[in-house]
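This is final-v6.txt (compact mmCIF, C-alpha atoms).
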# COMPACT_ATOMS: atom_id res chain seq x y z
CA MET P 1 -47.09 -34.83 -136.02
CA ASP P 2 -43.60 -35.91 -135.03
CA LYS P 3 -41.01 -33.13 -135.28
CA HIS P 4 -38.84 -35.52 -137.31
CA ASP P 5 -41.60 -36.06 -139.90
CA ARG P 6 -39.83 -35.93 -143.27
CA GLU P 7 -43.04 -35.98 -145.34
CA VAL P 8 -43.52 -32.24 -144.77
CA LEU P 9 -40.15 -31.51 -146.40
CA GLY P 10 -41.86 -31.86 -149.78
CA ARG P 11 -43.70 -28.61 -149.03
CA LEU P 12 -40.46 -26.63 -148.90
CA ASN P 13 -39.38 -24.29 -151.66
CA LEU P 14 -35.66 -23.71 -151.27
CA ARG P 15 -35.83 -20.84 -153.75
CA ASP P 16 -37.60 -18.94 -150.96
CA PRO P 17 -34.77 -17.20 -149.04
CA LEU P 18 -36.59 -17.49 -145.69
CA GLN P 19 -37.08 -21.23 -146.07
CA LEU P 20 -33.47 -21.66 -147.20
CA ILE P 21 -32.27 -19.77 -144.11
CA ALA P 22 -34.60 -21.73 -141.81
CA VAL P 23 -33.19 -25.07 -142.96
CA GLY P 24 -29.62 -23.83 -142.56
CA PHE P 25 -28.94 -23.65 -146.31
CA GLY P 26 -29.80 -27.33 -146.58
CA SER P 27 -27.93 -28.65 -143.54
CA GLY P 28 -31.25 -29.29 -141.77
CA LEU P 29 -32.37 -31.54 -144.61
CA MET P 30 -29.86 -34.25 -143.74
CA PRO P 31 -31.74 -37.47 -142.89
CA LYS P 32 -29.81 -38.09 -139.66
CA ALA P 33 -29.17 -35.57 -136.86
CA PRO P 34 -30.24 -32.37 -138.67
CA GLY P 35 -29.72 -30.28 -135.51
CA THR P 36 -26.17 -31.52 -135.26
CA MET P 37 -25.65 -30.73 -138.95
CA GLY P 38 -26.93 -27.18 -138.42
CA SER P 39 -24.58 -26.80 -135.44
CA LEU P 40 -21.69 -28.11 -137.53
CA LEU P 41 -22.52 -25.55 -140.23
CA ALA P 42 -22.14 -22.82 -137.60
CA LEU P 43 -18.85 -24.15 -136.20
CA PRO P 44 -16.49 -22.63 -138.82
CA LEU P 45 -18.30 -19.30 -138.44
CA CYS P 46 -17.84 -19.55 -134.68
CA MET P 47 -14.14 -20.15 -135.24
CA LEU P 48 -14.06 -16.72 -136.90
CA LEU P 49 -16.45 -15.00 -134.51
CA VAL P 50 -14.20 -15.61 -131.48
CA TYR P 51 -11.83 -13.07 -133.07
CA ALA P 52 -14.56 -10.51 -133.78
CA ASP P 53 -15.14 -7.35 -131.85
CA PRO P 54 -17.75 -8.10 -129.13
CA LEU P 55 -20.18 -5.57 -130.65
CA LEU P 56 -19.90 -7.27 -134.03
CA LEU P 57 -20.59 -10.65 -132.42
CA LEU P 58 -23.60 -9.18 -130.62
CA GLY P 59 -24.82 -7.73 -133.92
CA VAL P 60 -24.45 -11.10 -135.65
CA ILE P 61 -26.35 -12.81 -132.84
CA VAL P 62 -29.19 -10.25 -132.84
CA LEU P 63 -29.49 -10.23 -136.64
CA THR P 64 -29.44 -14.04 -136.82
CA PHE P 65 -32.05 -14.22 -134.05
CA LEU P 66 -34.39 -11.72 -135.75
CA VAL P 67 -34.04 -13.18 -139.24
CA GLY P 68 -34.20 -16.69 -137.78
CA THR P 69 -37.42 -15.94 -135.93
CA LEU P 70 -39.00 -14.62 -139.13
CA ALA P 71 -37.65 -17.50 -141.24
CA SER P 72 -38.74 -20.14 -138.70
CA SER P 73 -42.22 -18.69 -138.39
CA HIS P 74 -42.66 -18.56 -142.15
CA THR P 75 -41.25 -22.06 -142.71
CA GLU P 76 -43.30 -23.75 -140.00
CA LYS P 77 -46.45 -22.31 -141.64
CA VAL P 78 -45.34 -23.67 -145.02
CA MET P 79 -44.63 -27.08 -143.45
CA GLY P 80 -47.87 -27.06 -141.50
CA MET P 81 -46.20 -28.00 -138.21
CA HIS P 82 -44.27 -26.44 -135.34
CA ASP P 83 -40.52 -26.87 -135.02
CA ASN P 84 -39.80 -29.59 -137.56
CA SER P 85 -36.26 -30.86 -137.02
CA ALA P 86 -35.25 -29.59 -140.48
CA ILE P 87 -35.48 -26.02 -139.16
CA VAL P 88 -31.96 -25.45 -137.83
CA ILE P 89 -31.43 -21.67 -137.88
CA ASP P 90 -32.09 -21.89 -134.13
CA GLU P 91 -29.06 -24.17 -133.72
CA ILE P 92 -26.96 -21.67 -135.64
CA VAL P 93 -27.87 -18.75 -133.37
CA GLY P 94 -27.39 -20.99 -130.32
CA MET P 95 -23.88 -21.82 -131.49
CA PHE P 96 -23.11 -18.13 -132.01
CA ILE P 97 -24.23 -17.42 -128.44
CA SER P 98 -22.15 -20.36 -127.18
CA VAL P 99 -18.89 -18.68 -128.22
CA ALA P 100 -19.63 -15.28 -126.70
CA PHE P 101 -16.87 -14.32 -124.23
CA TYR P 102 -14.57 -17.07 -125.55
CA PRO P 103 -10.81 -16.55 -125.61
CA GLN P 104 -9.61 -15.46 -129.03
CA CYS P 105 -8.45 -18.96 -129.93
CA TRP P 106 -10.38 -20.87 -132.59
CA TRP P 107 -9.32 -24.26 -131.21
CA TYR P 108 -11.59 -23.82 -128.18
CA THR P 109 -14.72 -23.61 -130.35
CA PRO P 110 -15.30 -27.39 -130.59
CA LEU P 111 -16.05 -27.17 -126.85
CA ALA P 112 -18.93 -24.82 -127.71
CA PHE P 113 -20.24 -27.40 -130.17
CA VAL P 114 -20.13 -30.22 -127.60
CA LEU P 115 -21.67 -28.17 -124.79
CA PHE P 116 -24.35 -26.68 -127.00
CA ARG P 117 -25.38 -30.09 -128.35
CA ILE P 118 -25.57 -31.49 -124.80
CA PHE P 119 -27.87 -28.69 -123.63
CA ASP P 120 -29.91 -28.71 -126.84
CA ILE P 121 -30.50 -32.46 -126.72
CA LEU P 122 -31.06 -32.89 -122.97
CA LYS P 123 -33.07 -29.66 -122.59
CA PRO P 124 -32.76 -29.15 -118.82
CA PHE P 125 -34.92 -26.47 -117.20
CA PRO P 126 -35.42 -23.66 -118.31
CA ILE P 127 -34.68 -24.85 -121.86
CA SER P 128 -37.41 -27.51 -121.70
CA TYR P 129 -39.90 -24.95 -120.39
CA LEU P 130 -39.22 -22.60 -123.30
CA ASP P 131 -39.39 -25.50 -125.76
CA ARG P 132 -42.84 -26.57 -124.53
CA ARG P 133 -44.47 -23.24 -123.74
CA ILE P 134 -43.62 -20.79 -126.51
CA SER P 135 -44.99 -21.32 -130.00
CA GLY P 136 -44.20 -19.91 -133.41
CA GLY P 137 -40.85 -18.80 -134.72
CA LEU P 138 -40.00 -17.21 -131.38
CA GLY P 139 -40.53 -20.54 -129.62
CA ILE P 140 -38.33 -22.32 -132.14
CA MET P 141 -35.53 -19.84 -131.48
CA LEU P 142 -35.73 -19.27 -127.71
CA ASP P 143 -34.93 -22.76 -126.45
CA ASP P 144 -31.72 -22.75 -128.50
CA VAL P 145 -30.88 -19.25 -127.28
CA ALA P 146 -31.16 -20.64 -123.74
CA ALA P 147 -29.09 -23.71 -124.68
CA GLY P 148 -26.44 -21.40 -126.15
CA MET P 149 -26.40 -19.33 -122.96
CA CYS P 150 -26.01 -22.47 -120.83
CA ALA P 151 -23.21 -23.72 -123.09
CA CYS P 152 -21.47 -20.34 -122.89
CA LEU P 153 -21.72 -20.20 -119.11
CA SER P 154 -20.50 -23.80 -118.78
CA ALA P 155 -17.52 -23.05 -121.01
CA GLN P 156 -16.65 -20.02 -118.91
CA VAL P 157 -16.61 -22.21 -115.80
CA ILE P 158 -14.35 -24.71 -117.59
CA PHE P 159 -12.02 -21.94 -118.77
CA TRP P 160 -11.87 -20.51 -115.26
CA ALA P 161 -11.13 -23.92 -113.73
CA LEU P 162 -8.34 -24.52 -116.25
CA GLY P 163 -6.91 -21.02 -115.90
CA ILE P 164 -7.67 -20.12 -119.53
CA SER P 165 -8.39 -16.46 -120.19
For this file, produce the structure as structure tokens.
Amino acid sequence: MDKHDREVLGRLNLRDPLQLIAVGFGSGLMPKAPGTMGSLLALPLCMLLVYADPLLLLGVIVLTFLVGTLASSHTEKVMGMHDNSAIVIDEIVGMFISVAFYPQCWWYTPLAFVLFRIFDILKPFPISYLDRRISGGLGIMLDDVAAGMCACLSAQVIFWALGIS
């Protein structure tokens, strides 16, 4: 089955909190670019998270990862396929990771969106390795965790080069 197969969406029950979380509260159900829609859903939250205490941000990331892994695993079983593109909680946690160590300025967060989408779409190594080799909810989440880490690191290089602290 193609990961963009929309026929399996009929199996979803959005009254199930885990399925609702997995599809990014409906953002993953958009017919075009659901991953981008999930990332856009996370962007306003990222604009707030850059001002959060680093331990709070870490807590949000860990909690989103754990709940996302559970929600993704449950939802892929309901759908009967691995990593359908409607599952976007992984994009949300990847975006949260992307803004770790950002300056406390919300206007830099669109950079996280652009960088994260680049890494999530192109999937350079090791992101592609994680995407292909790890199954289940953990596999759904880990490639976007890696994309978020790459986006975060890339942003730090850009900030350093521009003298932004």
- Message: Show me, as a PyMOL selection string, the residues that have an atom within 12 Å of range 134-136 of chain P when counting all atoms listed in the file, minus same-chain residues fewer than 5 positions from it.
- Response: chain P and resi 68-77+80-84+126-129+141-143
- Message: Could you list, as a PyMOL selection string, every residue within 12 Å of Leu111 in chain P, counting only C-alpha atoms and ignoring same-chain residues fewer than 3 positions away?
- Response: chain P and resi 43+46-47+95+98-99+102-103+105-108+114-118+148+151-156+158-159
Output file for the selection above: C-alpha atoms, as a CSV table (one decimal), in the frame of the given file:
chain,number,residue,atom,x,y,z
P,43,LEU,CA,-18.8,-24.2,-136.2
P,46,CYS,CA,-17.8,-19.6,-134.7
P,47,MET,CA,-14.1,-20.2,-135.2
P,95,MET,CA,-23.9,-21.8,-131.5
P,98,SER,CA,-22.2,-20.4,-127.2
P,99,VAL,CA,-18.9,-18.7,-128.2
P,102,TYR,CA,-14.6,-17.1,-125.6
P,103,PRO,CA,-10.8,-16.6,-125.6
P,105,CYS,CA,-8.4,-19.0,-129.9
P,106,TRP,CA,-10.4,-20.9,-132.6
P,107,TRP,CA,-9.3,-24.3,-131.2
P,108,TYR,CA,-11.6,-23.8,-128.2
P,114,VAL,CA,-20.1,-30.2,-127.6
P,115,LEU,CA,-21.7,-28.2,-124.8
P,116,PHE,CA,-24.4,-26.7,-127.0
P,117,ARG,CA,-25.4,-30.1,-128.4
P,118,ILE,CA,-25.6,-31.5,-124.8
P,148,GLY,CA,-26.4,-21.4,-126.2
P,151,ALA,CA,-23.2,-23.7,-123.1
P,152,CYS,CA,-21.5,-20.3,-122.9
P,153,LEU,CA,-21.7,-20.2,-119.1
P,154,SER,CA,-20.5,-23.8,-118.8
P,155,ALA,CA,-17.5,-23.0,-121.0
P,156,GLN,CA,-16.6,-20.0,-118.9
P,158,ILE,CA,-14.4,-24.7,-117.6
P,159,PHE,CA,-12.0,-21.9,-118.8
- Item | Distance of CA of Arg11 in chain P from CA of Ile121 in chain P, expressed in Å to one decimal place | 26.2 Å
- Leaving out Ile89 in chain P and any residue of its chain fewer than 2 positions from it, which residues lie within 8 Å of it when counting all atoms listed in the file, given as a ChimeraX atom specification? /P:21-24,38,64,68,72,87,91-93,141
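Distances here use only C-alpha atoms; by that measure, the residue among P:Ala100, P:Ala112, P:Leu122, P:Ile140 closest to Tyr51 in chain P is P:Ala100.
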List every residue of range 67-151 of chain P that has an atom at most 8 Å from any atom of range 25-32 of chain P, giving for each one its closest atom pair and the distance in Å to one decimal, counting only C-alpha atoms, sorted by chain and then by ascending residue number, as a tab-separated table.
residue	atom	partner	partner_atom	distance
P:Ser85	CA	P:Gly28	CA	7.1
P:Ala86	CA	P:Gly28	CA	4.2
P:Ile87	CA	P:Gly28	CA	5.9
P:Val88	CA	P:Gly28	CA	5.5
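We find CA of Leu56 in chain P and CA of Arg15 in chain P to be spaced 28.8 Å apart.
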- Excluding range 57-59 of chain P and any residue of its chain fewer than 6 positions from it, enumerate the residues within 9 Å of it, using all atoms listed in the file, and give them as a list in words. Leu49, Val50, Phe96, Ile97 and Ala100 of chain P
